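Some notes on the structure that comes next.
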Amino acid sequence: MKSLDKNSLKTNTPSVITIGTFDGVHVGHQKIIERLVKTGHDKHLKSVVLTFFPHPRMVLQPDFKIQLLHTIDERQKTLKDLGLDHLIIKEFTHDFANLSARDYVKKILVDELNAKHIIIGYDHHFGKNRTANINDLKAFGKEFDFIVEEISAQDIKDVAVSSTKIRQALVEGDIKTANAYLGYPYFITGNVIKGKGIGKTLKFPTANIDVEKDYKLIPKNGVYVVSSRIGKQTVYGMMNIGTNPTFNEKKQSIEVHFFNIEEDLYNTSLKINILHRLRNEQKFESVKELTNQLNLDKKHAQEFIQIHE
C-alpha cells in the first residue's frame, strides 16, 4: 500500500475510492474496505481510501476535546494490512472545509484521484457546510464519468453503532466488547520513558509508556493483560493505567510489567495490545498488601494467557 499526502495518482491510473475517517478500522469498516478492494480487483482499478487529518472537529471545533481510537499513524498501519493500493491522507484545513461541492469533486476526486467508481454511504455529505449529498454526487458522476455505489443504511448504521460502542466500552474498561467490535485487540503505542522506579523496588519493574497524542482514547484506569512484539518475539505482561494511589500520585501513568524479559526498553517505541481487564485500580494500605495483589494479578494474567493465547 502506498501512502500519499498531497501527491496525485498518475492520471492514467483510474481508481475506486471510499471516503471517511475510518477511526479504529473496526469490523464494519473492514467490510467496506473488502468491498473496495474486490471492486478494484474486478474492474482493474486502483483501490483508494481517502481519509482526513486532523479530524474535522479538531479544526472546526478546537475547544471540543475529541477522543479517537487511532492516532493517524496507527490508522495508517492498520489500514495497510487490508490490501489497499493507496491511502490518501488529506490535510483538513479551513480552506479545505470551504471548498464548494463542485470544486471538491473536480479538483480532488477527479483531477487528483482519477475516480471512476466511488463507494460511499447513503448519508454522505460534502462541500462547504456539508450541503451536498449522495444525489449531488451521483449527478457529478454523470458529468465527470464515475459510478457512485451506495453503502446500505444498515451497513452505515453498523459502522456508527460499532464506533460508539467501542468508545463507550473502553471508557468503561470493557475490553472484551471493544475487541469484539474491532476484530483485533485495542492497542496503544508510545515510547518507553524513565519513571520513578517504584515497580523495580517492588520486584515488578515496569516500562512507562508515553502516549504522545492527547487525542488518543486511553481505556478506563485499571489493570490489564497485554502483549507486545519486542524484537522477534511476542511477550506478555500486565499493564496498570492510573495514578498509583497507594503512593499518592496524581498524574495518570501507563506502566507495563512484562513477564520473562530482562531487556532495557528505554527509548524504544512499543505497541501494547490490550487483551483482558483484570481489575480496577486500588489504593492499598501498605506496600506489602500491594505486592501481594501484584503477585495475584500476575497469576491471573498468566492463567488467562495460557487459556486464550
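Chain labels A, B, ... are given in the sequence in which chains occur in the C-alpha cells; within each chain residues are numbered consecutively from 1, and ligands are likewise numbered from 1 in the order shown.
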Give me the residues within 7 Å of stretch 277-281 of chain A as a ChimeraX atom specification, counting only C-alpha atoms and dropping any in the same chain fewer than 6 places off. /A:175,221-225,242
Kindly export the residues of the current selection with N, CA, C and O atoms, as a tab-separated table (two decimals), in the first residue's frame.
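And here's result-v9.tsv as it stands now:
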chain	number	residue	atom	x	y	z
A	175	ILE	N	-12.97	-4.27	27.78
A	175	ILE	CA	-12.07	-4.61	26.66
A	175	ILE	C	-12.64	-5.72	25.80
A	175	ILE	O	-12.47	-5.73	24.57
A	221	ASN	N	-9.01	3.53	33.87
A	221	ASN	CA	-7.95	3.13	34.81
A	221	ASN	C	-8.18	1.71	35.31
A	221	ASN	O	-9.32	1.32	35.58
A	222	GLY	N	-7.09	0.96	35.46
A	222	GLY	CA	-7.20	-0.40	35.95
A	222	GLY	C	-6.00	-1.23	35.52
A	222	GLY	O	-5.02	-0.72	34.96
A	223	VAL	N	-6.10	-2.52	35.77
A	223	VAL	CA	-5.01	-3.46	35.47
A	223	VAL	C	-5.46	-4.39	34.35
A	223	VAL	O	-6.55	-4.97	34.41
A	224	TYR	N	-4.61	-4.54	33.35
A	224	TYR	CA	-4.95	-5.28	32.13
A	224	TYR	C	-3.87	-6.30	31.78
A	224	TYR	O	-2.70	-6.10	32.09
A	225	VAL	N	-4.28	-7.36	31.10
A	225	VAL	CA	-3.35	-8.30	30.48
A	225	VAL	C	-3.01	-7.77	29.10
A	225	VAL	O	-3.91	-7.37	28.34
A	242	GLY	N	-3.32	4.39	35.49
A	242	GLY	CA	-3.87	5.06	36.67
A	242	GLY	C	-2.89	6.00	37.31
A	242	GLY	O	-1.90	6.43	36.71
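For stretch 197-202 of chain A, the set of protein, DNA and RNA residues having any atom at most 12 Å away, when counting only C-alpha atoms and skipping those fewer than 5 positions along the same chain, is A:Ala207, A:Asn208, A:Met239, A:Asn240, A:Asn244, A:Thr246, A:Phe247, A:Glu249, A:Glu255, A:Val256, A:His257, A:Phe258, A:Glu262, A:Ser286, A:Val287, A:Lys288, A:Glu289, A:Leu290, A:Thr291, A:Asn292, A:Gln293, A:Leu294, A:Asn295.
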Now that the selection is made, can you save its residues with N, CA, C and O atoms as a PDB file, in the first residue's frame?
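Contents of again-v7.pdb, freshly written:
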ATOM      1  N   ALA A 207       7.822  -0.832  32.252  1.00  0.00           N
ATOM      2  CA  ALA A 207       8.117   0.099  31.165  1.00  0.00           C
ATOM      3  C   ALA A 207       7.038   1.174  31.206  1.00  0.00           C
ATOM      4  O   ALA A 207       5.848   0.860  31.116  1.00  0.00           O
ATOM      5  N   ASN A 208       7.448   2.413  31.375  1.00  0.00           N
ATOM      6  CA  ASN A 208       6.495   3.533  31.411  1.00  0.00           C
ATOM      7  C   ASN A 208       6.240   4.009  29.985  1.00  0.00           C
ATOM      8  O   ASN A 208       7.177   4.419  29.297  1.00  0.00           O
ATOM      9  N   MET A 239      -0.514  -4.513  32.593  1.00  0.00           N
ATOM     10  CA  MET A 239      -0.386  -3.062  32.491  1.00  0.00           C
ATOM     11  C   MET A 239      -1.297  -2.385  33.497  1.00  0.00           C
ATOM     12  O   MET A 239      -2.447  -2.771  33.651  1.00  0.00           O
ATOM     13  N   ASN A 240      -0.763  -1.360  34.143  1.00  0.00           N
ATOM     14  CA  ASN A 240      -1.583  -0.525  35.019  1.00  0.00           C
ATOM     15  C   ASN A 240      -1.761   0.847  34.376  1.00  0.00           C
ATOM     16  O   ASN A 240      -0.802   1.496  33.988  1.00  0.00           O
ATOM     17  N   ASN A 244      -1.431   5.493  40.554  1.00  0.00           N
ATOM     18  CA  ASN A 244      -0.689   4.916  41.681  1.00  0.00           C
ATOM     19  C   ASN A 244      -1.156   5.467  43.031  1.00  0.00           C
ATOM     20  O   ASN A 244      -0.386   6.091  43.776  1.00  0.00           O
ATOM     21  N   THR A 246      -1.726   4.220  45.889  1.00  0.00           N
ATOM     22  CA  THR A 246      -1.030   3.751  47.097  1.00  0.00           C
ATOM     23  C   THR A 246       0.127   4.688  47.447  1.00  0.00           C
ATOM     24  O   THR A 246       0.470   4.861  48.615  1.00  0.00           O
ATOM     25  N   PHE A 247       0.724   5.313  46.415  1.00  0.00           N
ATOM     26  CA  PHE A 247       1.854   6.228  46.623  1.00  0.00           C
ATOM     27  C   PHE A 247       1.430   7.695  46.484  1.00  0.00           C
ATOM     28  O   PHE A 247       2.269   8.584  46.326  1.00  0.00           O
ATOM     29  N   GLU A 249       0.131   9.412  44.145  1.00  0.00           N
ATOM     30  CA  GLU A 249       0.430  10.123  42.898  1.00  0.00           C
ATOM     31  C   GLU A 249      -0.861  10.759  42.372  1.00  0.00           C
ATOM     32  O   GLU A 249      -1.965  10.334  42.702  1.00  0.00           O
ATOM     33  N   GLU A 255       1.903   1.937  32.845  1.00  0.00           N
ATOM     34  CA  GLU A 255       3.094   1.143  33.167  1.00  0.00           C
ATOM     35  C   GLU A 255       2.848  -0.322  32.841  1.00  0.00           C
ATOM     36  O   GLU A 255       1.818  -0.881  33.213  1.00  0.00           O
ATOM     37  N   VAL A 256       3.815  -0.928  32.151  1.00  0.00           N
ATOM     38  CA  VAL A 256       3.692  -2.329  31.754  1.00  0.00           C
ATOM     39  C   VAL A 256       4.805  -3.147  32.397  1.00  0.00           C
ATOM     40  O   VAL A 256       5.994  -2.819  32.258  1.00  0.00           O
ATOM     41  N   HIS A 257       4.415  -4.199  33.098  1.00  0.00           N
ATOM     42  CA  HIS A 257       5.376  -5.180  33.611  1.00  0.00           C
ATOM     43  C   HIS A 257       5.329  -6.390  32.688  1.00  0.00           C
ATOM     44  O   HIS A 257       4.319  -7.088  32.603  1.00  0.00           O
ATOM     45  N   PHE A 258       6.421  -6.611  31.952  1.00  0.00           N
ATOM     46  CA  PHE A 258       6.498  -7.763  31.049  1.00  0.00           C
ATOM     47  C   PHE A 258       7.029  -8.979  31.801  1.00  0.00           C
ATOM     48  O   PHE A 258       7.928  -8.864  32.637  1.00  0.00           O
ATOM     49  N   GLU A 262      14.234  -9.360  30.255  1.00  0.00           N
ATOM     50  CA  GLU A 262      15.192  -8.582  31.045  1.00  0.00           C
ATOM     51  C   GLU A 262      15.688  -7.336  30.307  1.00  0.00           C
ATOM     52  O   GLU A 262      16.420  -6.538  30.860  1.00  0.00           O
ATOM     53  N   SER A 286      -0.706  -0.767  52.474  1.00  0.00           N
ATOM     54  CA  SER A 286       0.733  -0.948  52.669  1.00  0.00           C
ATOM     55  C   SER A 286       1.360  -1.464  51.382  1.00  0.00           C
ATOM     56  O   SER A 286       0.668  -1.985  50.497  1.00  0.00           O
ATOM     57  N   VAL A 287       2.680  -1.312  51.298  1.00  0.00           N
ATOM     58  CA  VAL A 287       3.422  -1.820  50.133  1.00  0.00           C
ATOM     59  C   VAL A 287       3.301  -3.342  50.072  1.00  0.00           C
ATOM     60  O   VAL A 287       3.174  -3.920  48.981  1.00  0.00           O
ATOM     61  N   LYS A 288       3.309  -3.999  51.225  1.00  0.00           N
ATOM     62  CA  LYS A 288       3.186  -5.456  51.254  1.00  0.00           C
ATOM     63  C   LYS A 288       1.844  -5.902  50.659  1.00  0.00           C
ATOM     64  O   LYS A 288       1.770  -6.856  49.885  1.00  0.00           O
ATOM     65  N   GLU A 289       0.782  -5.190  51.027  1.00  0.00           N
ATOM     66  CA  GLU A 289      -0.547  -5.517  50.500  1.00  0.00           C
ATOM     67  C   GLU A 289      -0.578  -5.340  48.978  1.00  0.00           C
ATOM     68  O   GLU A 289      -1.137  -6.166  48.247  1.00  0.00           O
ATOM     69  N   LEU A 290       0.055  -4.274  48.501  1.00  0.00           N
ATOM     70  CA  LEU A 290       0.145  -4.036  47.055  1.00  0.00           C
ATOM     71  C   LEU A 290       0.929  -5.150  46.368  1.00  0.00           C
ATOM     72  O   LEU A 290       0.502  -5.677  45.331  1.00  0.00           O
ATOM     73  N   THR A 291       2.053  -5.535  46.946  1.00  0.00           N
ATOM     74  CA  THR A 291       2.888  -6.589  46.347  1.00  0.00           C
ATOM     75  C   THR A 291       2.135  -7.912  46.289  1.00  0.00           C
ATOM     76  O   THR A 291       2.212  -8.640  45.279  1.00  0.00           O
ATOM     77  N   ASN A 292       1.398  -8.224  47.342  1.00  0.00           N
ATOM     78  CA  ASN A 292       0.594  -9.464  47.348  1.00  0.00           C
ATOM     79  C   ASN A 292      -0.428  -9.441  46.202  1.00  0.00           C
ATOM     80  O   ASN A 292      -0.648 -10.445  45.519  1.00  0.00           O
ATOM     81  N   GLN A 293      -1.049  -8.277  45.997  1.00  0.00           N
ATOM     82  CA  GLN A 293      -2.037  -8.159  44.926  1.00  0.00           C
ATOM     83  C   GLN A 293      -1.371  -8.273  43.558  1.00  0.00           C
ATOM     84  O   GLN A 293      -1.925  -8.898  42.644  1.00  0.00           O
ATOM     85  N   LEU A 294      -0.183  -7.692  43.392  1.00  0.00           N
ATOM     86  CA  LEU A 294       0.536  -7.793  42.117  1.00  0.00           C
ATOM     87  C   LEU A 294       0.886  -9.240  41.786  1.00  0.00           C
ATOM     88  O   LEU A 294       0.790  -9.664  40.626  1.00  0.00           O
ATOM     89  N   ASN A 295       1.269  -9.998  42.797  1.00  0.00           N
ATOM     90  CA  ASN A 295       1.546 -11.429  42.587  1.00  0.00           C
ATOM     91  C   ASN A 295       0.283 -12.173  42.158  1.00  0.00           C
ATOM     92  O   ASN A 295       0.330 -13.049  41.289  1.00  0.00           O
TER      93      ASN A 295
END
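Residue nearest A:Lys157, chosen from A:Lys220, A:Phe187, A:Arg75, A:Asp123 and counting only C-alpha atoms: A:Asp123.
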Using DSSP on the backbone coordinates, identify the residues of stretch 14-62 of chain A assigned to strand (DSSP E or B); present them as a PyMOL selection string. chain A and resi 15-19+46-53
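Using only C-alpha atoms, the nearest neighbour of A:Glu112 within the list A:Ser15, A:Ser100, A:Thr78, A:Thr164 is A:Ser15.
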Might you pull out every residue within 6 Å of stretch 190-196 of chain A, with only C-alpha atoms counted and same-chain residues fewer than 2 positions away left off, and present them as a VMD selection string? chain A and resid 198 207 to 211 266 to 270
With C-alpha atoms retained, export the selected residues as a tab-separated table (two decimals), in the first residue's frame.
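The new file again20.tsv reads:
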chain	number	residue	atom	x	y	z
A	198	ILE	CA	8.75	2.19	42.11
A	207	ALA	CA	8.12	0.10	31.16
A	208	ASN	CA	6.49	3.53	31.41
A	209	ILE	CA	4.64	4.26	28.18
A	210	ASP	CA	4.39	7.83	26.95
A	211	VAL	CA	1.43	8.18	24.58
A	266	TYR	CA	14.14	2.80	27.44
A	267	ASN	CA	13.66	4.96	24.35
A	268	THR	CA	12.04	2.18	22.33
A	269	SER	CA	8.61	2.52	20.74
A	270	LEU	CA	6.14	-0.20	21.69
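When atom CA of A:Asp95 is paired with atom CA of A:Val110, their separation reads 18.7 Å.
Atom CA of A:Gly83 is positioned 25.9 Å from atom CA of A:Arg167.
Between atom CA of A:Ser253 and atom CA of A:Lys271 the separation is 15.9 Å.
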A:Ser47: which residues within 9 Å, counting only C-alpha atoms, same-chain residues fewer than 2 positions away excluded, as a ChimeraX atom specification? /A:15-18,33,36-41,45,49,83-87
Please, could you write that set of residues out with N, CA and C atoms as a short mmCIF file (atom, residue, chain, number, x, y, z; two decimals), in the first residue's frame?
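Output file again_9.cif is given in full below:
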data_model
loop_
_atom_site.label_atom_id
_atom_site.label_comp_id
_atom_site.auth_asym_id
_atom_site.auth_seq_id
_atom_site.Cartn_x
_atom_site.Cartn_y
_atom_site.Cartn_z
N SER A 15 -9.24 4.88 -10.53
CA SER A 15 -9.34 4.35 -9.17
C SER A 15 -10.78 4.12 -8.74
N VAL A 16 -10.92 3.25 -7.73
CA VAL A 16 -12.16 3.09 -6.99
C VAL A 16 -11.87 3.61 -5.58
N ILE A 17 -12.75 4.47 -5.08
CA ILE A 17 -12.47 5.22 -3.85
C ILE A 17 -13.58 5.01 -2.82
N THR A 18 -13.18 4.94 -1.56
CA THR A 18 -14.13 5.15 -0.47
C THR A 18 -13.56 6.24 0.42
N ILE A 33 -14.05 -1.87 3.23
CA ILE A 33 -12.77 -1.88 2.53
C ILE A 33 -12.59 -3.19 1.75
N LEU A 36 -14.32 -2.54 -1.39
CA LEU A 36 -13.49 -1.64 -2.19
C LEU A 36 -12.39 -2.41 -2.92
N VAL A 37 -11.67 -3.24 -2.18
CA VAL A 37 -10.55 -3.99 -2.77
C VAL A 37 -11.05 -4.96 -3.83
N LYS A 38 -12.17 -5.63 -3.55
CA LYS A 38 -12.74 -6.57 -4.53
C LYS A 38 -13.16 -5.84 -5.81
N THR A 39 -13.81 -4.68 -5.65
CA THR A 39 -14.22 -3.90 -6.81
C THR A 39 -13.00 -3.48 -7.63
N GLY A 40 -11.96 -3.06 -6.94
CA GLY A 40 -10.73 -2.69 -7.64
C GLY A 40 -10.16 -3.84 -8.43
N HIS A 41 -10.16 -5.01 -7.83
CA HIS A 41 -9.64 -6.21 -8.50
C HIS A 41 -10.50 -6.58 -9.70
N LEU A 45 -9.15 -1.44 -11.24
CA LEU A 45 -8.99 -0.08 -10.73
C LEU A 45 -8.10 -0.12 -9.49
N VAL A 49 -8.39 4.56 -0.32
CA VAL A 49 -9.12 5.14 0.81
C VAL A 49 -8.68 6.59 0.94
N GLY A 83 -5.00 -4.71 2.27
CA GLY A 83 -4.88 -4.97 0.84
C GLY A 83 -5.15 -3.79 -0.07
N LEU A 84 -5.18 -2.57 0.48
CA LEU A 84 -5.39 -1.37 -0.33
C LEU A 84 -4.21 -1.12 -1.26
N ASP A 85 -4.48 -0.43 -2.36
CA ASP A 85 -3.38 0.05 -3.19
C ASP A 85 -2.84 1.38 -2.67
N HIS A 86 -3.74 2.27 -2.26
CA HIS A 86 -3.32 3.60 -1.81
C HIS A 86 -4.17 4.09 -0.65
N LEU A 87 -3.50 4.76 0.28
CA LEU A 87 -4.18 5.52 1.32
C LEU A 87 -3.82 6.99 1.11
#
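Among the candidate residues A:Val105, A:Ile274, A:Ala132, A:Leu296, the one lying nearest to A:Phe144 is A:Val105, with distances computed using only C-alpha atoms.
Each of A:Gln282, A:Ser228, A:Thr177, A:Ser152 was checked against A:Ile119 using only C-alpha atoms; the smallest atom-to-atom distance is that of A:Ser152.
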Alpha helix (DSSP H) call set, DSSP backbone run, stretch 40-202 of chain A, as a PyMOL selection string: chain A and resi 40-43+56-60+72-80+94-97+101-103+134-144+153-171+175-182+198-201
Exercise: A:Ile147 partners within 10 Å, only C-alpha atoms, chain neighbours under 4 positions left out, as a PyMOL selection string: chain A and resi 16+115-119+137-142
Write out, as a short mmCIF file (atom, residue, chain, number, x, y, z; two decimals), in the first residue's frame, the residues just selected, with C-alpha atoms.
data_model
loop_
_atom_site.label_atom_id
_atom_site.label_comp_id
_atom_site.auth_asym_id
_atom_site.auth_seq_id
_atom_site.Cartn_x
_atom_site.Cartn_y
_atom_site.Cartn_z
CA VAL A 16 -12.16 3.09 -6.99
CA ALA A 115 -12.13 8.39 -9.61
CA LYS A 116 -14.10 6.00 -11.80
CA HIS A 117 -16.07 4.32 -9.02
CA ILE A 118 -16.94 5.72 -5.57
CA ILE A 119 -18.30 3.56 -2.75
CA LEU A 137 -22.53 13.12 -6.03
CA LYS A 138 -24.46 10.90 -8.47
CA ALA A 139 -25.17 13.97 -10.63
CA PHE A 140 -21.47 14.86 -10.59
CA GLY A 141 -20.77 11.23 -11.52
CA LYS A 142 -22.76 11.63 -14.73
#
Exercise: A:Gly183 partners within 12 Å, only C-alpha atoms, chain neighbours under 5 positions left out, as a PyMOL selection string: chain A and resi 24-31+78+162+166+175-178
So that I can see what lies close to A:Ile218, please list as a list in words the residues with an atom at most 9 Å from it, counting only C-alpha atoms and leaving out residues fewer than 4 positions away in the same chain. Gln67, Leu69, Leu170, Val171, Ile188 and Ile241 of chain A
